[in-house]
file query-v6.pdb (PDB, C-alpha atoms)
ATOM      1  CA  MET A 290     -53.878  73.315   5.297  1.00  0.00           C
ATOM      2  CA  ALA A 291     -51.342  70.775   6.510  1.00  0.00           C
ATOM      3  CA  ARG A 292     -48.523  71.935   8.751  1.00  0.00           C
ATOM      4  CA  VAL A 293     -45.159  70.947   7.272  1.00  0.00           C
ATOM      5  CA  LEU A 294     -42.039  70.619   9.426  1.00  0.00           C
ATOM      6  CA  LEU A 295     -38.458  70.195   8.224  1.00  0.00           C
ATOM      7  CA  PHE A 296     -35.679  68.921  10.489  1.00  0.00           C
ATOM      8  CA  GLY A 297     -31.884  68.810  10.428  1.00  0.00           C
ATOM      9  CA  ARG A 298     -30.192  69.469   7.097  1.00  0.00           C
ATOM     10  CA  LEU A 299     -33.559  69.787   5.338  1.00  0.00           C
ATOM     11  CA  SER A 300     -34.404  73.076   7.055  1.00  0.00           C
ATOM     12  CA  ASP A 301     -30.935  74.427   6.206  1.00  0.00           C
ATOM     13  CA  VAL A 302     -31.440  73.547   2.516  1.00  0.00           C
ATOM     14  CA  ALA A 303     -34.950  75.015   2.357  1.00  0.00           C
ATOM     15  CA  GLY A 304     -34.327  78.060   4.541  1.00  0.00           C
ATOM     16  CA  TRP A 305     -37.500  77.385   6.567  1.00  0.00           C
ATOM     17  CA  ARG A 306     -38.598  75.073   9.335  1.00  0.00           C
ATOM     18  CA  SER A 307     -42.368  75.199   9.342  1.00  0.00           C
ATOM     19  CA  ARG A 308     -45.026  76.139   6.767  1.00  0.00           C
ATOM     20  CA  GLU A 309     -48.713  75.661   6.081  1.00  0.00           C
ATOM     21  CA  VAL A 310     -49.299  73.922   2.735  1.00  0.00           C
ATOM     22  CA  GLU A 311     -52.482  72.728   1.057  1.00  0.00           C
ATOM     23  CA  SER A 312     -52.166  69.215  -0.334  1.00  0.00           C
ATOM     24  CA  PRO A 313     -54.341  66.086  -0.566  1.00  0.00           C
ATOM     25  CA  SER A 314     -51.635  63.544   0.314  1.00  0.00           C
ATOM     26  CA  VAL A 315     -48.127  63.056   1.641  1.00  0.00           C
ATOM     27  CA  HIS A 316     -46.660  62.264  -1.777  1.00  0.00           C
ATOM     28  CA  ALA A 317     -48.490  65.134  -3.460  1.00  0.00           C
ATOM     29  CA  LEU A 318     -47.073  67.405  -0.765  1.00  0.00           C
ATOM     30  CA  ARG A 319     -43.534  66.139  -1.358  1.00  0.00           C
ATOM     31  CA  ASP A 320     -43.955  66.630  -5.116  1.00  0.00           C
ATOM     32  CA  LEU A 321     -45.246  70.166  -4.581  1.00  0.00           C
ATOM     33  CA  LEU A 322     -42.311  71.120  -2.327  1.00  0.00           C
ATOM     34  CA  SER A 323     -39.858  69.537  -4.800  1.00  0.00           C
ATOM     35  CA  ALA A 324     -41.383  71.439  -7.743  1.00  0.00           C
ATOM     36  CA  GLU A 325     -41.041  74.727  -5.827  1.00  0.00           C
ATOM     37  CA  ASP A 326     -37.463  74.144  -4.726  1.00  0.00           C
ATOM     38  CA  ALA A 327     -35.312  71.679  -6.674  1.00  0.00           C
ATOM     39  CA  ARG A 328     -32.564  71.619  -4.010  1.00  0.00           C
ATOM     40  CA  LEU A 329     -35.091  70.735  -1.338  1.00  0.00           C
ATOM     41  CA  GLY A 330     -36.564  68.111  -3.684  1.00  0.00           C
ATOM     42  CA  GLU A 331     -33.143  66.505  -4.044  1.00  0.00           C
ATOM     43  CA  ALA A 332     -32.629  66.572  -0.247  1.00  0.00           C
ATOM     44  CA  LEU A 333     -36.071  65.018   0.362  1.00  0.00           C
ATOM     45  CA  ALA A 334     -35.274  62.207  -2.097  1.00  0.00           C
ATOM     46  CA  ALA A 335     -31.934  61.401  -0.406  1.00  0.00           C
ATOM     47  CA  PRO A 336     -31.534  57.970   1.197  1.00  0.00           C
ATOM     48  CA  GLY A 337     -32.742  57.669   4.787  1.00  0.00           C
ATOM     49  CA  VAL A 338     -35.286  60.514   4.732  1.00  0.00           C
ATOM     50  CA  GLN A 339     -38.419  59.379   6.586  1.00  0.00           C
ATOM     51  CA  ILE A 340     -41.839  61.011   6.815  1.00  0.00           C
ATOM     52  CA  ALA A 341     -43.956  61.295   9.959  1.00  0.00           C
ATOM     53  CA  LEU A 342     -47.680  62.022   9.684  1.00  0.00           C
ATOM     54  CA  ASP A 343     -49.164  63.285  12.954  1.00  0.00           C
ATOM     55  CA  GLN A 344     -46.041  62.032  14.770  1.00  0.00           C
ATOM     56  CA  ALA A 345     -46.124  58.474  13.371  1.00  0.00           C
ATOM     57  CA  ILE A 346     -43.754  57.243  10.648  1.00  0.00           C
ATOM     58  CA  VAL A 347     -45.533  56.523   7.367  1.00  0.00           C
ATOM     59  CA  ARG A 348     -44.172  54.367   4.565  1.00  0.00           C
ATOM     60  CA  GLY A 349     -45.876  54.943   1.243  1.00  0.00           C
ATOM     61  CA  ASP A 350     -48.560  57.531   0.595  1.00  0.00           C
ATOM     62  CA  ALA A 351     -51.279  58.710   2.992  1.00  0.00           C
ATOM     63  CA  ALA A 352     -54.162  61.165   2.766  1.00  0.00           C
ATOM     64  CA  LEU A 353     -53.887  64.501   4.561  1.00  0.00           C
ATOM     65  CA  SER A 354     -56.616  66.270   6.482  1.00  0.00           C
ATOM     66  CA  LEU A 355     -56.874  69.963   7.247  1.00  0.00           C
ATOM     67  CA  ARG A 356     -55.037  69.602  10.537  1.00  0.00           C
ATOM     68  CA  SER A 357     -52.390  67.069   9.528  1.00  0.00           C
ATOM     69  CA  GLU A 358     -48.806  67.601  10.623  1.00  0.00           C
ATOM     70  CA  VAL A 359     -46.238  66.253   8.176  1.00  0.00           C
ATOM     71  CA  ALA A 360     -42.589  66.104   9.232  1.00  0.00           C
ATOM     72  CA  PHE A 361     -39.676  65.272   6.919  1.00  0.00           C
ATOM     73  CA  LEU A 362     -36.925  63.554   8.943  1.00  0.00           C
ATOM     74  CA  PRO A 363     -33.372  63.134   7.608  1.00  0.00           C
ATOM     75  CA  PRO A 364     -31.105  60.420   9.099  1.00  0.00           C
ATOM     76  CA  MET A 365     -31.191  60.684  12.887  1.00  0.00           C
ATOM     77  CA  SER A 366     -28.287  60.818  15.295  1.00  0.00           C
ATOM     78  CA  GLY A 367     -28.406  61.451  19.013  1.00  0.00           C
ATOM     79  CA  GLY A 368     -26.146  60.792  21.996  1.00  0.00           C
TER      80      GLY A 368
ATOM     81  CA  MET Q 151     -38.163  58.836  33.093  1.00  0.00           C
ATOM     82  CA  ILE Q 152     -37.436  60.552  29.792  1.00  0.00           C
ATOM     83  CA  ARG Q 153     -36.491  64.203  29.686  1.00  0.00           C
ATOM     84  CA  LEU Q 154     -35.219  66.569  27.002  1.00  0.00           C
ATOM     85  CA  THR Q 155     -33.584  69.722  28.311  1.00  0.00           C
ATOM     86  CA  ASP Q 156     -31.855  72.787  26.904  1.00  0.00           C
ATOM     87  CA  GLN Q 157     -30.076  73.301  30.245  1.00  0.00           C
ATOM     88  CA  ALA Q 158     -26.711  71.833  31.308  1.00  0.00           C
ATOM     89  CA  PHE Q 159     -27.127  69.000  33.810  1.00  0.00           C
ATOM     90  CA  ASP Q 160     -24.996  67.332  36.485  1.00  0.00           C
ATOM     91  CA  PRO Q 161     -24.899  63.572  35.780  1.00  0.00           C
ATOM     92  CA  GLY Q 162     -23.820  62.847  39.373  1.00  0.00           C
ATOM     93  CA  VAL Q 163     -26.983  64.422  40.741  1.00  0.00           C
ATOM     94  CA  LEU Q 164     -29.095  62.484  38.235  1.00  0.00           C
ATOM     95  CA  LEU Q 165     -27.424  59.205  39.221  1.00  0.00           C
ATOM     96  CA  SER Q 166     -27.892  59.836  42.953  1.00  0.00           C
ATOM     97  CA  ASP Q 167     -31.573  60.631  42.376  1.00  0.00           C
ATOM     98  CA  PHE Q 168     -31.968  57.499  40.260  1.00  0.00           C
ATOM     99  CA  CYS Q 169     -30.444  55.263  42.962  1.00  0.00           C
ATOM    100  CA  ARG Q 170     -32.493  56.722  45.829  1.00  0.00           C
ATOM    101  CA  ASP Q 171     -35.141  54.642  47.646  1.00  0.00           C
ATOM    102  CA  ARG Q 172     -34.545  51.355  45.879  1.00  0.00           C
ATOM    103  CA  THR Q 173     -34.750  48.282  48.055  1.00  0.00           C
ATOM    104  CA  GLU Q 174     -35.149  45.537  45.433  1.00  0.00           C
ATOM    105  CA  THR Q 175     -32.828  46.841  42.698  1.00  0.00           C
ATOM    106  CA  GLY Q 176     -29.463  45.108  42.921  1.00  0.00           C
ATOM    107  CA  ALA Q 177     -27.760  46.872  40.013  1.00  0.00           C
ATOM    108  CA  VAL Q 178     -27.730  50.303  38.406  1.00  0.00           C
ATOM    109  CA  ALA Q 179     -25.667  50.921  35.267  1.00  0.00           C
ATOM    110  CA  SER Q 180     -25.220  54.380  33.789  1.00  0.00           C
ATOM    111  CA  PHE Q 181     -23.667  56.083  30.792  1.00  0.00           C
ATOM    112  CA  VAL Q 182     -22.794  59.742  30.247  1.00  0.00           C
ATOM    113  CA  GLY Q 183     -22.001  61.092  26.772  1.00  0.00           C
ATOM    114  CA  LEU Q 184     -19.893  64.265  26.624  1.00  0.00           C
ATOM    115  CA  ALA Q 185     -19.433  66.749  23.781  1.00  0.00           C
ATOM    116  CA  ARG Q 186     -15.896  66.472  22.353  1.00  0.00           C
ATOM    117  CA  ALA Q 187     -13.831  69.421  21.140  1.00  0.00           C
ATOM    118  CA  GLU Q 188     -12.324  67.211  18.369  1.00  0.00           C
ATOM    119  CA  LEU Q 189      -8.959  69.013  18.869  1.00  0.00           C
ATOM    120  CA  GLY Q 190     -10.502  72.414  18.252  1.00  0.00           C
ATOM    121  CA  THR Q 191     -12.463  71.531  15.102  1.00  0.00           C
ATOM    122  CA  ALA Q 192     -15.782  71.474  16.978  1.00  0.00           C
ATOM    123  CA  VAL Q 193     -16.622  74.640  18.855  1.00  0.00           C
ATOM    124  CA  ILE Q 194     -20.303  74.079  19.379  1.00  0.00           C
ATOM    125  CA  LEU Q 195     -22.703  71.198  18.974  1.00  0.00           C
ATOM    126  CA  GLU Q 196     -26.364  71.880  18.292  1.00  0.00           C
ATOM    127  CA  LEU Q 197     -28.995  69.222  18.831  1.00  0.00           C
ATOM    128  CA  GLU Q 198     -32.485  69.422  17.426  1.00  0.00           C
ATOM    129  CA  ALA Q 199     -35.418  67.220  18.475  1.00  0.00           C
ATOM    130  CA  TYR Q 200     -39.042  66.905  17.358  1.00  0.00           C
ATOM    131  CA  PRO Q 201     -40.886  67.672  20.607  1.00  0.00           C
ATOM    132  CA  GLY Q 202     -43.435  64.995  21.456  1.00  0.00           C
ATOM    133  CA  PHE Q 203     -42.326  62.625  18.706  1.00  0.00           C
ATOM    134  CA  THR Q 204     -38.775  62.338  20.078  1.00  0.00           C
ATOM    135  CA  GLU Q 205     -39.935  61.494  23.625  1.00  0.00           C
ATOM    136  CA  GLY Q 206     -42.512  59.046  22.228  1.00  0.00           C
ATOM    137  CA  GLU Q 207     -39.925  57.183  20.130  1.00  0.00           C
ATOM    138  CA  ILE Q 208     -37.458  57.000  23.046  1.00  0.00           C
ATOM    139  CA  ASN Q 209     -40.249  55.706  25.269  1.00  0.00           C
ATOM    140  CA  ARG Q 210     -41.138  53.018  22.724  1.00  0.00           C
ATOM    141  CA  ILE Q 211     -37.576  51.652  22.680  1.00  0.00           C
ATOM    142  CA  ALA Q 212     -37.155  52.056  26.446  1.00  0.00           C
ATOM    143  CA  GLN Q 213     -40.261  49.916  26.995  1.00  0.00           C
ATOM    144  CA  GLU Q 214     -38.695  47.345  24.674  1.00  0.00           C
ATOM    145  CA  ALA Q 215     -35.590  47.448  26.902  1.00  0.00           C
ATOM    146  CA  VAL Q 216     -37.761  47.024  30.017  1.00  0.00           C
ATOM    147  CA  ASP Q 217     -39.303  43.858  28.520  1.00  0.00           C
ATOM    148  CA  ARG Q 218     -36.140  42.468  27.004  1.00  0.00           C
ATOM    149  CA  PHE Q 219     -33.886  42.939  30.058  1.00  0.00           C
ATOM    150  CA  SER Q 220     -36.557  42.813  32.800  1.00  0.00           C
ATOM    151  CA  LEU Q 221     -35.630  46.291  33.983  1.00  0.00           C
ATOM    152  CA  ASP Q 222     -37.014  47.729  37.193  1.00  0.00           C
ATOM    153  CA  ASP Q 223     -36.621  51.259  35.839  1.00  0.00           C
ATOM    154  CA  PHE Q 224     -34.733  53.503  33.416  1.00  0.00           C
ATOM    155  CA  ALA Q 225     -33.818  57.160  32.958  1.00  0.00           C
ATOM    156  CA  VAL Q 226     -32.884  58.990  29.772  1.00  0.00           C
ATOM    157  CA  VAL Q 227     -31.942  62.674  29.925  1.00  0.00           C
ATOM    158  CA  HIS Q 228     -30.896  64.238  26.617  1.00  0.00           C
ATOM    159  CA  ARG Q 229     -29.744  67.757  25.847  1.00  0.00           C
ATOM    160  CA  VAL Q 230     -31.179  69.808  23.001  1.00  0.00           C
ATOM    161  CA  GLY Q 231     -29.975  73.173  21.734  1.00  0.00           C
ATOM    162  CA  LYS Q 232     -26.383  74.421  21.870  1.00  0.00           C
ATOM    163  CA  ILE Q 233     -23.810  72.360  23.768  1.00  0.00           C
ATOM    164  CA  ALA Q 234     -20.197  73.346  24.489  1.00  0.00           C
ATOM    165  CA  PRO Q 235     -17.265  70.857  24.520  1.00  0.00           C
ATOM    166  CA  GLY Q 236     -17.041  69.088  27.874  1.00  0.00           C
ATOM    167  CA  GLU Q 237     -20.745  69.377  28.645  1.00  0.00           C
ATOM    168  CA  SER Q 238     -22.902  66.290  29.062  1.00  0.00           C
ATOM    169  CA  ILE Q 239     -25.123  65.468  26.074  1.00  0.00           C
ATOM    170  CA  VAL Q 240     -26.858  62.356  27.337  1.00  0.00           C
ATOM    171  CA  PHE Q 241     -27.400  60.471  30.579  1.00  0.00           C
ATOM    172  CA  VAL Q 242     -28.793  56.934  30.577  1.00  0.00           C
ATOM    173  CA  ALA Q 243     -29.368  54.838  33.691  1.00  0.00           C
ATOM    174  CA  THR Q 244     -30.889  51.389  34.009  1.00  0.00           C
ATOM    175  CA  ALA Q 245     -31.970  49.512  37.134  1.00  0.00           C
ATOM    176  CA  ALA Q 246     -32.315  45.731  37.353  1.00  0.00           C
ATOM    177  CA  THR Q 247     -32.103  42.945  39.887  1.00  0.00           C
ATOM    178  CA  HIS Q 248     -28.671  41.869  38.633  1.00  0.00           C
ATOM    179  CA  ARG Q 249     -25.784  43.645  36.899  1.00  0.00           C
ATOM    180  CA  ARG Q 250     -25.738  41.883  33.489  1.00  0.00           C
ATOM    181  CA  ALA Q 251     -29.235  43.072  32.601  1.00  0.00           C
ATOM    182  CA  ALA Q 252     -28.459  46.621  33.758  1.00  0.00           C
ATOM    183  CA  PHE Q 253     -25.213  46.786  31.710  1.00  0.00           C
ATOM    184  CA  GLU Q 254     -26.778  45.324  28.591  1.00  0.00           C
ATOM    185  CA  ALA Q 255     -29.892  47.490  28.725  1.00  0.00           C
ATOM    186  CA  CYS Q 256     -27.745  50.620  29.077  1.00  0.00           C
ATOM    187  CA  ASP Q 257     -25.645  49.543  26.067  1.00  0.00           C
ATOM    188  CA  PHE Q 258     -28.812  48.754  24.063  1.00  0.00           C
ATOM    189  CA  LEU Q 259     -30.376  52.145  24.829  1.00  0.00           C
ATOM    190  CA  MET Q 260     -27.228  54.044  23.848  1.00  0.00           C
ATOM    191  CA  ASP Q 261     -26.877  52.140  20.547  1.00  0.00           C
ATOM    192  CA  TYR Q 262     -30.472  53.079  19.786  1.00  0.00           C
ATOM    193  CA  LEU Q 263     -29.996  56.734  20.736  1.00  0.00           C
ATOM    194  CA  LYS Q 264     -26.901  57.070  18.498  1.00  0.00           C
ATOM    195  CA  SER Q 265     -28.552  56.033  15.258  1.00  0.00           C
ATOM    196  CA  ARG Q 266     -32.337  55.727  15.617  1.00  0.00           C
ATOM    197  CA  ALA Q 267     -33.655  58.293  18.072  1.00  0.00           C
ATOM    198  CA  PRO Q 268     -35.135  61.421  16.478  1.00  0.00           C
ATOM    199  CA  PHE Q 269     -32.308  63.899  17.036  1.00  0.00           C
ATOM    200  CA  TRP Q 270     -30.347  65.901  14.493  1.00  0.00           C
ATOM    201  CA  LYS Q 271     -26.854  67.025  15.377  1.00  0.00           C
ATOM    202  CA  LYS Q 272     -24.903  69.883  13.849  1.00  0.00           C
ATOM    203  CA  GLU Q 273     -21.273  70.573  14.628  1.00  0.00           C
ATOM    204  CA  THR Q 274     -19.880  74.054  14.081  1.00  0.00           C
ATOM    205  CA  GLY Q 275     -16.160  74.844  14.120  1.00  0.00           C
ATOM    206  CA  PRO Q 276     -13.624  77.150  12.472  1.00  0.00           C
ATOM    207  CA  ALA Q 277     -14.174  75.354   9.127  1.00  0.00           C
ATOM    208  CA  GLY Q 278     -17.954  75.867   9.184  1.00  0.00           C
ATOM    209  CA  ALA Q 279     -20.949  73.725  10.079  1.00  0.00           C
ATOM    210  CA  ARG Q 280     -21.759  70.122   9.237  1.00  0.00           C
ATOM    211  CA  TRP Q 281     -24.605  67.763  10.063  1.00  0.00           C
ATOM    212  CA  ILE Q 282     -23.500  64.577  11.772  1.00  0.00           C
ATOM    213  CA  GLU Q 283     -25.146  61.374  10.617  1.00  0.00           C
ATOM    214  CA  PRO Q 284     -24.732  57.828  11.943  1.00  0.00           C
ATOM    215  CA  LYS Q 285     -21.431  56.197  11.002  1.00  0.00           C
ATOM    216  CA  PRO Q 286     -21.053  52.580   9.791  1.00  0.00           C
ATOM    217  CA  GLN Q 287     -19.886  51.694  13.314  1.00  0.00           C
ATOM    218  CA  ASP Q 288     -23.164  53.059  14.764  1.00  0.00           C
ATOM    219  CA  HIS Q 289     -25.182  50.879  12.366  1.00  0.00           C
ATOM    220  CA  ALA Q 290     -23.013  47.859  13.241  1.00  0.00           C
ATOM    221  CA  ASP Q 291     -23.539  48.568  16.957  1.00  0.00           C
ATOM    222  CA  ILE Q 292     -27.326  48.552  16.711  1.00  0.00           C
ATOM    223  CA  ALA Q 293     -27.324  45.480  14.443  1.00  0.00           C
ATOM    224  CA  ARG Q 294     -25.908  43.491  17.397  1.00  0.00           C
ATOM    225  CA  TRP Q 295     -29.339  43.667  19.067  1.00  0.00           C
ATOM    226  CA  GLU Q 296     -31.403  42.741  16.021  1.00  0.00           C
ATOM    227  CA  THR Q 297     -31.680  39.023  16.434  1.00  0.00           C
TER     228      THR Q 297
END
call {"tool": "encode", "arguments": {"input": "query-v6.pdb", "output": "C-alpha cells"}}
result
Amino acid sequence: MARVLLFGRLSDVAGWRSREVESPSVHALRDLLSAEDARLGEALAAPGVQIALDQAIVRGDAALSLRSEVAFLPPMSGG
Amino acid sequence: MIRLTDQAFDPGVLLSDFCRDRTETGAVASFVGLARAELGTAVILELEAYPGFTEGEINRIAQEAVDRFSLDDFAVVHRVGKIAPGESIVFVATAATHRRAAFEACDFLMDYLKSRAPFWKKETGPAGARWIEPKPQDHADIARWET
C-alpha cells in the first residue's frame, strides 16, 4: 500500500489529507483517485500540480513499492 | 540554518543570534515578511508545509545561493500553521564578506520562497477562505535569477 498525501487546495477538494492506496504506479494511482472522485481528478489535472515520490519530484510515470509515499503538490507559495 | 516553526518568533533576536561571533563576515543582510491584514479582509493566514521535503527543498536552493554569492552562512526561519496579521511569517538572513553578495542572496532566497518553496498558504477573512498562489509578479521576480 502506498501512502498518498494531498496538500493545499487538493486536500480541501478531496476532504482528506492522507490515505493508504494500493496501486502499481504513480499514474495508475492518479487515475484511480480521479475515477473515485471527479472533482479531485479535475484538481489533480490542473496546471502546476506536481507529484513527489518519496520526497523527490517525479515527471512522468514511476513504479510504486509497498512503502512508497506519493504527494500531490499544487502550486506553491511561501513567504 | 533552516527551521520551520508553528510558534511566533522575534526577528530581532534571530538577527542578533545570526550576527554573533563572526570575525570574517563583513556584511549581513536580512528580510522579515509580515502577515498583512489586507484592510480587514484577511483575518488569519494558514501555512502548510510538507515536513522533510520542505526543509530539503529550501536547503537545496540555499546551497545554490551559497555557491552563487559565496555566502559565509544563511538562516531561513519560516512559520507554519495559523498566523495573525502583524506576525512575522519569514526571516531570511545572509552573511558574506561584502554587502552586495549579502543583499543579492537575500533577495534571491526570498524570490524562491515566494513561488517555489513547498508551502501552501490559505487566507481566511469575513468573505471566506482562499488559497493564495504565486502572482505574475512573483514569477517575474524569480525569472530575474534564471540566466
call {"tool": "closest_residue", "arguments": {"input": "query-v6.pdb", "among": "A:Val347, A:Met290, A:Leu295, A:Ala324", "to": "Glu309 in chain A", "atoms": "all atoms listed in the file"}}
result
A:Met290
call {"tool": "resolve_selection", "arguments": {"input": "query-v6.pdb", "expression": "the PyMOL selection byres ((chain Q) within 12 of (chain A))", "output": "PyMOL selection string"}}
result
chain Q and resi 154+181-186+195-208+210+226-230+233+238-242+257+259-273+279-285+288-289
call {"tool": "resolve_selection", "arguments": {"input": "query-v6.pdb", "expression": "the PyMOL selection byres ((chain A and resi 312) around 10)", "output": "number ranges by chain"}}
result
A: 290-291, 309-311, 313-321, 352-355
call {"tool": "write_last_selection", "arguments": {"input": "query-v6.pdb", "atoms": "C-alpha atoms", "output": "compact mmCIF listing (two decimals), in the frame of the given file"}}
result
# COMPACT_ATOMS: atom_id res chain seq x y z
CA MET A 290 -53.88 73.32 5.30
CA ALA A 291 -51.34 70.78 6.51
CA GLU A 309 -48.71 75.66 6.08
CA VAL A 310 -49.30 73.92 2.74
CA GLU A 311 -52.48 72.73 1.06
CA PRO A 313 -54.34 66.09 -0.57
CA SER A 314 -51.64 63.54 0.31
CA VAL A 315 -48.13 63.06 1.64
CA HIS A 316 -46.66 62.26 -1.78
CA ALA A 317 -48.49 65.13 -3.46
CA LEU A 318 -47.07 67.40 -0.76
CA ARG A 319 -43.53 66.14 -1.36
CA ASP A 320 -43.96 66.63 -5.12
CA LEU A 321 -45.25 70.17 -4.58
CA ALA A 352 -54.16 61.16 2.77
CA LEU A 353 -53.89 64.50 4.56
CA SER A 354 -56.62 66.27 6.48
CA LEU A 355 -56.87 69.96 7.25
call {"tool": "atom_distance", "arguments": {"input": "query-v6.pdb", "atom1": "CA of Asp223 in chain Q", "atom2": "CA of Met151 in chain Q"}}
result
8.2 Å
call {"tool": "residues_around", "arguments": {"input": "query-v6.pdb", "residues": "Gly278 in chain Q", "least_positions_apart": "4", "cutoff": "10 Å", "atoms": "only C-alpha atoms", "output": "ChimeraX atom specification"}}
result
/Q:191-193,273-274
call {"tool": "write_last_selection", "arguments": {"input": "query-v6.pdb", "atoms": "C-alpha atoms", "output": "compact mmCIF listing (two decimals), in the coordinates of the input"}}
result
# COMPACT_ATOMS: atom_id res chain seq x y z
CA THR Q 191 -12.46 71.53 15.10
CA ALA Q 192 -15.78 71.47 16.98
CA VAL Q 193 -16.62 74.64 18.86
CA GLU Q 273 -21.27 70.57 14.63
CA THR Q 274 -19.88 74.05 14.08
call {"tool": "residues_around", "arguments": {"input": "query-v6.pdb", "residues": "Gly176 in chain Q", "least_positions_apart": "5", "cutoff": "10 Å", "atoms": "all atoms listed in the file", "output": "list in words"}}
result
Asp222, Ala245, Ala246, Thr247, His248, Arg249 and Ala252 of chain Q
call {"tool": "closest_residue", "arguments": {"input": "query-v6.pdb", "among": "A:Leu322, A:Val302, A:Val293, A:Val359", "to": "Leu342 in chain A", "atoms": "all atoms listed in the file"}}
result
A:Val359
call {"tool": "resolve_selection", "arguments": {"input": "query-v6.pdb", "expression": "the PyMOL selection byres ((chain Q and resi 169) around 12)", "output": "list of chain:residue names"}}
result
Q:Gly162, Q:Val163, Q:Leu164, Q:Leu165, Q:Ser166, Q:Asp167, Q:Phe168, Q:Arg170, Q:Asp171, Q:Arg172, Q:Thr173, Q:Glu174, Q:Thr175, Q:Gly176, Q:Ala177, Q:Val178, Q:Ala179, Q:Ser180, Q:Asp222, Q:Asp223, Q:Phe224, Q:Ala225, Q:Ala243, Q:Thr244, Q:Ala245, Q:Ala246
call {"tool": "atom_distance", "arguments": {"input": "query-v6.pdb", "atom1": "CA of Gly275 in chain Q", "atom2": "CA of Gly236 in chain Q"}}
result
14.9 Å
call {"tool": "atom_distance", "arguments": {"input": "query-v6.pdb", "atom1": "CA of Arg218 in chain Q", "atom2": "CA of Arg348 in chain A"}}
result
26.6 Å
call {"tool": "closest_residue", "arguments": {"input": "query-v6.pdb", "among": "A:Ala303, A:Phe361, A:Arg292, A:Asp350", "to": "Asp326 in chain A", "atoms": "all atoms listed in the file"}}
result
A:Ala303
call {"tool": "axis_aligned_box", "arguments": {"input": "query-v6.pdb", "around": "range 181-193 of chain Q", "padding_each_side": "4 Å", "output": "AutoDock Vina command-line options"}}
result
--center_x -16.3 --center_y 65.4 --center_z 22.9 --size_x 22.7 --size_y 26.6 --size_z 23.7
call {"tool": "build_atoms", "arguments": {"input": "query-v6.pdb", "residues": "range 169-184 of chain Q", "atoms": "N, CA and C atoms", "output": "PDB file, in the coordinates of the input"}}
result
ATOM      1  N   CYS Q 169     -30.732  56.374  42.033  1.00  0.00           N
ATOM      2  CA  CYS Q 169     -30.444  55.263  42.962  1.00  0.00           C
ATOM      3  C   CYS Q 169     -31.260  55.338  44.255  1.00  0.00           C
ATOM      4  N   ARG Q 170     -31.833  56.510  44.535  1.00  0.00           N
ATOM      5  CA  ARG Q 170     -32.493  56.722  45.829  1.00  0.00           C
ATOM      6  C   ARG Q 170     -33.734  55.828  46.006  1.00  0.00           C
ATOM      7  N   ASP Q 171     -33.931  55.368  47.236  1.00  0.00           N
ATOM      8  CA  ASP Q 171     -35.141  54.642  47.646  1.00  0.00           C
ATOM      9  C   ASP Q 171     -35.404  53.369  46.848  1.00  0.00           C
ATOM     10  N   ARG Q 172     -34.356  52.645  46.551  1.00  0.00           N
ATOM     11  CA  ARG Q 172     -34.545  51.355  45.879  1.00  0.00           C
ATOM     12  C   ARG Q 172     -34.171  50.256  46.863  1.00  0.00           C
ATOM     13  N   THR Q 173     -35.072  49.356  47.112  1.00  0.00           N
ATOM     14  CA  THR Q 173     -34.750  48.282  48.055  1.00  0.00           C
ATOM     15  C   THR Q 173     -34.657  46.933  47.356  1.00  0.00           C
ATOM     16  N   GLU Q 174     -35.188  46.827  46.145  1.00  0.00           N
ATOM     17  CA  GLU Q 174     -35.149  45.537  45.433  1.00  0.00           C
ATOM     18  C   GLU Q 174     -34.210  45.547  44.242  1.00  0.00           C
ATOM     19  N   THR Q 175     -33.755  46.740  43.818  1.00  0.00           N
ATOM     20  CA  THR Q 175     -32.828  46.841  42.698  1.00  0.00           C
ATOM     21  C   THR Q 175     -31.432  46.469  43.176  1.00  0.00           C
ATOM     22  N   GLY Q 176     -30.812  45.486  42.520  1.00  0.00           N
ATOM     23  CA  GLY Q 176     -29.463  45.108  42.921  1.00  0.00           C
ATOM     24  C   GLY Q 176     -28.390  45.787  42.104  1.00  0.00           C
ATOM     25  N   ALA Q 177     -28.772  46.348  40.920  1.00  0.00           N
ATOM     26  CA  ALA Q 177     -27.760  46.872  40.013  1.00  0.00           C
ATOM     27  C   ALA Q 177     -28.281  48.089  39.271  1.00  0.00           C
ATOM     28  N   VAL Q 178     -27.460  49.133  39.248  1.00  0.00           N
ATOM     29  CA  VAL Q 178     -27.730  50.303  38.406  1.00  0.00           C
ATOM     30  C   VAL Q 178     -26.514  50.506  37.520  1.00  0.00           C
ATOM     31  N   ALA Q 179     -26.743  50.582  36.205  1.00  0.00           N
ATOM     32  CA  ALA Q 179     -25.667  50.921  35.267  1.00  0.00           C
ATOM     33  C   ALA Q 179     -25.995  52.284  34.687  1.00  0.00           C
ATOM     34  N   SER Q 180     -24.949  53.066  34.377  1.00  0.00           N
ATOM     35  CA  SER Q 180     -25.220  54.380  33.789  1.00  0.00           C
ATOM     36  C   SER Q 180     -24.191  54.701  32.721  1.00  0.00           C
ATOM     37  N   PHE Q 181     -24.560  55.606  31.839  1.00  0.00           N
ATOM     38  CA  PHE Q 181     -23.667  56.083  30.792  1.00  0.00           C
ATOM     39  C   PHE Q 181     -23.852  57.589  30.676  1.00  0.00           C
ATOM     40  N   VAL Q 182     -22.734  58.300  30.498  1.00  0.00           N
ATOM     41  CA  VAL Q 182     -22.794  59.742  30.247  1.00  0.00           C
ATOM     42  C   VAL Q 182     -22.031  60.026  28.966  1.00  0.00           C
ATOM     43  N   GLY Q 183     -22.669  60.668  28.007  1.00  0.00           N
ATOM     44  CA  GLY Q 183     -22.001  61.092  26.772  1.00  0.00           C
ATOM     45  C   GLY Q 183     -21.628  62.557  26.887  1.00  0.00           C
ATOM     46  N   LEU Q 184     -20.378  62.884  26.532  1.00  0.00           N
ATOM     47  CA  LEU Q 184     -19.893  64.265  26.624  1.00  0.00           C
ATOM     48  C   LEU Q 184     -19.603  64.811  25.222  1.00  0.00           C
TER      49      LEU Q 184
END
